[in-house]
Each structure stands twice: as structure tokens, then as C-alpha cells.
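Q: Contents are mmCIF, C-alpha atoms; file name my_file16.cif:
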data_run
#
loop_
_atom_site.group_PDB
_atom_site.id
_atom_site.type_symbol
_atom_site.label_atom_id
_atom_site.label_comp_id
_atom_site.auth_asym_id
_atom_site.auth_seq_id
_atom_site.Cartn_x
_atom_site.Cartn_y
_atom_site.Cartn_z
ATOM 1 C CA MET E 1 0.000 0.000 0.000
ATOM 2 C CA ALA E 2 1.101 3.574 -0.516
ATOM 3 C CA THR E 3 0.437 7.162 0.414
ATOM 4 C CA TRP E 4 -0.631 9.777 -2.095
ATOM 5 C CA LYS E 5 2.877 11.223 -1.802
ATOM 6 C CA GLN E 6 4.390 7.915 -2.938
ATOM 7 C CA PHE E 7 2.027 7.924 -5.939
ATOM 8 C CA GLU E 8 3.200 11.449 -6.802
ATOM 9 C CA GLU E 9 6.843 10.393 -6.477
ATOM 10 C CA GLU E 10 6.430 7.273 -8.636
ATOM 11 C CA ALA E 11 4.061 8.670 -11.288
ATOM 12 C CA ALA E 12 3.965 12.464 -11.073
ATOM 13 C CA ASP E 13 2.087 13.131 -14.327
ATOM 14 C CA LEU E 14 -0.597 10.538 -13.690
ATOM 15 C CA ALA E 15 -0.980 11.610 -10.043
ATOM 16 C CA ALA E 16 -1.450 15.223 -11.152
ATOM 17 C CA ALA E 17 -4.113 14.228 -13.714
ATOM 18 C CA VAL E 18 -5.987 12.053 -11.202
ATOM 19 C CA ARG E 19 -5.834 14.778 -8.562
ATOM 20 C CA GLN E 20 -7.126 17.324 -11.082
ATOM 21 C CA ARG E 21 -10.180 15.119 -11.731
ATOM 22 C CA PHE E 22 -10.886 14.836 -7.994
ATOM 23 C CA GLU E 23 -10.471 18.570 -7.471
ATOM 24 C CA ALA E 24 -12.809 19.382 -10.385
ATOM 25 C CA ALA E 25 -15.909 18.533 -8.323
ATOM 26 C CA LYS E 26 -16.848 18.540 -4.665
ATOM 27 C CA THR E 27 -18.477 15.121 -4.334
ATOM 28 C CA HIS E 28 -17.459 11.723 -5.621
ATOM 29 C CA VAL E 29 -18.645 8.106 -5.417
ATOM 30 C CA LEU E 30 -17.227 5.912 -2.643
ATOM 31 C CA ALA E 31 -17.669 2.146 -2.962
ATOM 32 C CA THR E 32 -17.478 0.104 0.240
ATOM 33 C CA VAL E 33 -18.108 -3.536 1.145
ATOM 34 C CA ARG E 34 -21.296 -4.350 3.057
ATOM 35 C CA LYS E 35 -21.381 -6.921 5.841
ATOM 36 C CA ASP E 36 -22.779 -9.525 3.409
ATOM 37 C CA GLY E 37 -19.976 -8.821 0.904
ATOM 38 C CA SER E 38 -22.107 -6.898 -1.583
ATOM 39 C CA PRO E 39 -21.056 -3.414 -2.715
ATOM 40 C CA ARG E 40 -22.434 -0.147 -1.359
ATOM 41 C CA VAL E 41 -21.941 3.218 -3.069
ATOM 42 C CA SER E 42 -22.196 6.535 -1.261
ATOM 43 C CA GLY E 43 -21.350 10.133 -1.934
ATOM 44 C CA SER E 44 -18.128 11.408 -0.403
ATOM 45 C CA GLU E 45 -15.751 14.340 -0.485
ATOM 46 C CA VAL E 46 -11.971 13.938 -0.610
ATOM 47 C CA ASP E 47 -9.068 16.149 0.428
ATOM 48 C CA PHE E 48 -5.361 15.966 -0.249
ATOM 49 C CA MET E 49 -3.714 16.586 3.110
ATOM 50 C CA GLY E 50 -0.014 16.183 3.657
ATOM 51 C CA GLU E 51 1.012 12.817 2.264
ATOM 52 C CA ASP E 52 -2.506 11.418 2.064
ATOM 53 C CA LEU E 53 -5.778 11.377 0.227
ATOM 54 C CA SER E 54 -8.289 11.794 3.051
ATOM 55 C CA PHE E 55 -12.057 11.582 3.316
ATOM 56 C CA GLY E 56 -14.663 11.524 6.033
ATOM 57 C CA SER E 57 -18.145 10.598 7.042
ATOM 58 C CA MET E 58 -20.879 11.688 9.373
ATOM 59 C CA LEU E 59 -20.634 9.906 12.704
ATOM 60 C CA GLY E 60 -22.260 6.457 12.556
ATOM 61 C CA ALA E 61 -23.014 6.555 8.814
ATOM 62 C CA VAL E 62 -23.328 3.156 7.125
ATOM 63 C CA LYS E 63 -20.321 3.833 4.871
ATOM 64 C CA ALA E 64 -18.220 4.495 7.998
ATOM 65 C CA ARG E 65 -19.468 1.268 9.580
ATOM 66 C CA ASP E 66 -18.580 -0.575 6.370
ATOM 67 C CA LEU E 67 -15.055 0.897 6.389
ATOM 68 C CA ARG E 68 -14.468 0.197 10.072
ATOM 69 C CA ARG E 69 -15.366 -3.458 9.473
ATOM 70 C CA ASP E 70 -13.587 -3.850 6.102
ATOM 71 C CA GLY E 71 -11.459 -0.961 4.891
ATOM 72 C CA ARG E 72 -11.352 -2.044 1.242
ATOM 73 C CA CYS E 73 -12.835 0.684 -0.908
ATOM 74 C CA ALA E 74 -12.677 2.566 -4.178
ATOM 75 C CA ILE E 75 -13.413 6.198 -4.948
ATOM 76 C CA HIS E 76 -14.569 7.274 -8.400
ATOM 77 C CA ALA E 77 -14.093 10.962 -9.167
ATOM 78 C CA HIS E 78 -17.242 12.762 -10.212
ATOM 79 C CA PRO E 79 -17.679 11.546 -13.791
ATOM 80 C CA ALA E 80 -16.453 13.808 -16.546
ATOM 81 C CA ASP E 81 -16.278 13.687 -20.294
ATOM 82 C CA PRO E 82 -13.462 11.156 -20.938
ATOM 83 C CA GLU E 83 -12.289 13.379 -23.805
ATOM 84 C CA ASN E 84 -11.883 16.299 -21.395
ATOM 85 C CA GLY E 85 -9.625 15.225 -18.532
ATOM 86 C CA GLY E 86 -10.539 11.592 -18.257
ATOM 87 C CA ASP E 87 -12.251 9.407 -15.719
ATOM 88 C CA ALA E 88 -10.314 8.844 -12.460
ATOM 89 C CA LYS E 89 -10.571 6.139 -9.809
ATOM 90 C CA VAL E 90 -8.469 5.170 -6.811
ATOM 91 C CA ALA E 91 -8.685 2.031 -4.712
ATOM 92 C CA GLY E 92 -7.103 0.813 -1.522
ATOM 93 C CA VAL E 93 -7.780 0.398 2.157
ATOM 94 C CA ALA E 94 -9.315 3.116 4.323
ATOM 95 C CA VAL E 95 -7.553 3.614 7.638
ATOM 96 C CA GLU E 96 -9.550 5.436 10.287
ATOM 97 C CA ILE E 97 -7.861 8.333 12.014
ATOM 98 C CA THR E 98 -8.770 8.063 15.674
ATOM 99 C CA ASP E 99 -6.180 10.339 17.274
ATOM 100 C CA ALA E 100 -8.114 13.490 18.252
ATOM 101 C CA GLU E 101 -5.273 15.892 17.412
ATOM 102 C CA GLU E 102 -4.579 14.309 14.018
ATOM 103 C CA LYS E 103 -8.280 14.295 13.220
ATOM 104 C CA LYS E 104 -8.568 17.960 14.194
ATOM 105 C CA ALA E 105 -5.558 18.806 12.006
ATOM 106 C CA ARG E 106 -7.249 17.137 9.022
ATOM 107 C CA ALA E 107 -10.540 18.994 9.493
ATOM 108 C CA THR E 108 -11.439 21.250 6.585
ATOM 109 C CA GLY E 109 -14.093 23.276 8.364
ATOM 110 C CA GLU E 110 -16.820 21.774 6.192
ATOM 111 C CA GLU E 111 -17.488 18.768 8.425
ATOM 112 C CA PRO E 112 -20.962 18.286 9.891
ATOM 113 C CA PRO E 113 -21.481 19.692 13.391
ATOM 114 C CA GLY E 114 -20.194 17.491 16.170
ATOM 115 C CA ASP E 115 -17.904 14.527 15.800
ATOM 116 C CA PHE E 116 -17.168 12.749 12.519
ATOM 117 C CA HIS E 117 -15.193 9.852 11.090
ATOM 118 C CA ALA E 118 -11.931 10.659 9.295
ATOM 119 C CA PHE E 119 -10.074 8.233 7.033
ATOM 120 C CA ARG E 120 -6.912 8.219 4.943
ATOM 121 C CA LEU E 121 -6.535 5.977 1.919
ATOM 122 C CA ASP E 122 -3.664 3.506 1.680
ATOM 123 C CA LEU E 123 -3.480 3.364 -2.112
ATOM 124 C CA ARG E 124 -3.285 0.086 -3.987
ATOM 125 C CA GLU E 125 -4.262 1.418 -7.414
ATOM 126 C CA ALA E 126 -5.027 4.589 -9.358
ATOM 127 C CA VAL E 127 -6.628 4.558 -12.810
ATOM 128 C CA LEU E 128 -7.190 7.285 -15.380
ATOM 129 C CA THR E 129 -9.298 6.440 -18.437
ATOM 130 C CA SER E 130 -9.428 8.919 -21.307
ATOM 131 C CA VAL E 131 -10.056 9.144 -25.019
ATOM 132 C CA GLU E 132 -7.132 10.164 -27.222
ATOM 133 C CA GLY E 133 -7.302 10.196 -31.004
ATOM 134 C CA GLY E 134 -10.391 7.991 -31.039
ATOM 135 C CA GLN E 135 -8.775 5.402 -28.749
ATOM 136 C CA LEU E 136 -9.638 4.561 -25.182
ATOM 137 C CA VAL E 137 -6.473 4.999 -23.095
ATOM 138 C CA ILE E 138 -6.324 3.341 -19.676
ATOM 139 C CA GLN E 139 -3.412 4.243 -17.391
ATOM 140 C CA VAL E 140 -2.999 2.152 -14.250
ATOM 141 C CA TRP E 141 -0.547 2.755 -11.402
ATOM 142 C CA ARG E 142 0.206 0.309 -8.615
ATOM 143 C CA PRO E 143 2.787 0.891 -5.861
ATOM 144 C CA GLY E 144 6.267 -0.097 -6.962
ATOM 145 C CA ALA E 145 5.050 -1.279 -10.379
ATOM 146 C CA GLY E 146 4.992 2.046 -12.221
ATOM 147 C CA VAL E 147 2.353 2.968 -14.782
ATOM 148 C CA SER E 148 0.991 0.582 -17.380
ATOM 149 C CA THR E 149 -0.977 1.910 -20.313
ATOM 150 C CA VAL E 150 -3.507 0.092 -22.476
ATOM 151 C CA HIS E 151 -4.891 1.496 -25.743
ATOM 152 C CA ARG E 152 -8.223 0.173 -27.029
ATOM 153 C CA THR E 153 -10.012 1.040 -30.228
#
What do you get writing this file as C-alpha cells?
A:
Amino acid sequence: MATWKQFEEEAADLAAAVRQRFEAAKTHVLATVRKDGSPRVSGSEVDFMGEDLSFGSMLGAVKARDLRRDGRCAIHAHPADPENGGDAKVAGVAVEITDAEEKKARATGEEPPGDFHAFRLDLREAVLTSVEGGQLVIQVWRPGAGVSTVHRT
């Protein structure tokens, strides 16, 4: 697993493009694993704080309960025209931030009133899908493996 910083160090151009897609909209789609193993999708906001991609949840929300039980998740950036910036996704394991001071330091000021859940993503994969010259271009990064690119017509 890796931090966002490691992704930037290993694949700067791809990390910048993926980050741009996430920063282009406020809310994104978070996929978590339900207790029975089926998927759950929820809206979520992300922030790039220090070395990490971070996100949160209202206290006691079902997505937070999913992540506390099984941290595997994926976040799909708000969909865009694949010919205009591409379609970005990240996947990994959510790690809850429970230290009160660290959680406070990661607060953006837009959290709901009262307490909240805060998570950082240990990255396992980042994907950017775009259309270039009539071809579908899929760029995939995994920690330590660099970027692989697939072109499909």
C-alpha cells in the first residue's frame, strides 16, 4: 500500500491528472463492502492533506461502519467527459484516524457539526481512463510497479 505522496513520487504526471479530476468537483462516489460482501456506493468528499488522500463521514453513517469493518474501498471521481480530462478512480484500504489531534488537524471546516469519522486511503491502485485520437487509453498505477498503459479502439 502507498500514500498519495508515494504515488506522486512514482508517477507524477498521472498523479497530477488524477488529482485534477478529484479537485474538479466537490463530491465523488465511494464504494465500500457491506457486511454480506455486496457493494455499497455513497457520496463522499476527498481532500489531499499532507502525504494522504483523506475523506470523512458523518458519525455512525453506514459507509463508515462498512469501512471500520472492512477498509477495502474505491473512490470514483465525479464523472467527466473522458475526452476532457478523463475518468479517475483510486482504490485501496481506508484507515480510520482516531487520534483526536490528528483528526482535528485534518478537518477542513466543512465537516458536519459534532464529531465525525476521518479516514486516509492507503493506495493500492489509481486509474485514469481517457479518449485520445479515437482510442480509449487506460493508465494504471500500482505501488512499486509504475504505470501501465492500455490502448483500445
Q: In terms of the shortest atom-to-atom distance over only C-alpha atoms, which of E:Ala24, E:Val95, E:Ala11, E:Ala16 is closest to Asp122 in chain E?
A: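 Closest candidate: E:Val95.
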Q: Measuring between all atoms listed in the file, which one of E:Leu121, E:Val127, E:Asp52, E:Gly85 shows the shortest distance to Val150 in chain E?
A: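 Closest to Val150 in chain E, using all atoms listed in the file: E:Val127.
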Q: Can you pull out the residues contacting Asp13 in chain E? Cut-off 12 Å, using only C-alpha atoms, and skip same-chain residues under 5 positions away; I want them as a short mmCIF file (atom, residue, chain, number, x, y, z; two decimals) with C-alpha atoms, keeping the file's coordinate frame.
A:
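The resulting file, around_38.cif, is reproduced below:
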data_model
loop_
_atom_site.label_atom_id
_atom_site.label_comp_id
_atom_site.auth_asym_id
_atom_site.auth_seq_id
_atom_site.Cartn_x
_atom_site.Cartn_y
_atom_site.Cartn_z
CA PHE E 7 2.03 7.92 -5.94
CA GLU E 8 3.20 11.45 -6.80
CA VAL E 18 -5.99 12.05 -11.20
CA ARG E 19 -5.83 14.78 -8.56
CA GLN E 20 -7.13 17.32 -11.08
CA LEU E 128 -7.19 7.28 -15.38
CA GLN E 139 -3.41 4.24 -17.39
CA TRP E 141 -0.55 2.76 -11.40
CA GLY E 146 4.99 2.05 -12.22
CA VAL E 147 2.35 2.97 -14.78
#
Q: Applying the PyMOL selection byres ((chain E and resi 50) around 12) to the file I just gave you, which residues come out? Please list them as a PyMOL selection string.
A: chain E and resi 3-6+8+47-49+51-54+102+105-106+120
Q: When you draw a straight line from CA of Ser42 in chain E to CA of Asp87 in chain E, how long is it in Å?
A: 17.8 Å
Q: Can you translate the PyMOL selection byres ((chain E and resi 124) around 9) into the concrete residues it hits in this file, as a tab-separated table (two decimals) with C-alpha atoms, in the coordinates of the input?
A:
chain	number	residue	atom	x	y	z
E	1	MET	CA	0.00	0.00	0.00
E	2	ALA	CA	1.10	3.57	-0.52
E	90	VAL	CA	-8.47	5.17	-6.81
E	91	ALA	CA	-8.68	2.03	-4.71
E	92	GLY	CA	-7.10	0.81	-1.52
E	93	VAL	CA	-7.78	0.40	2.16
E	121	LEU	CA	-6.54	5.98	1.92
E	122	ASP	CA	-3.66	3.51	1.68
E	123	LEU	CA	-3.48	3.36	-2.11
E	125	GLU	CA	-4.26	1.42	-7.41
E	126	ALA	CA	-5.03	4.59	-9.36
E	141	TRP	CA	-0.55	2.76	-11.40
E	142	ARG	CA	0.21	0.31	-8.62
E	143	PRO	CA	2.79	0.89	-5.86
Q: Could you please determine the separation between CA of His117 in chain E and CA of Glu23 in chain E in Å, to one decimal place?
A: 21.0 Å
Q: Please measure the separation of CA of Thr98 in chain E and CA of Phe119 in chain E, giving the value in Å to one decimal.
A: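 Answer for the CA of Thr98 in chain E to CA of Phe119 in chain E separation: 8.7 Å.
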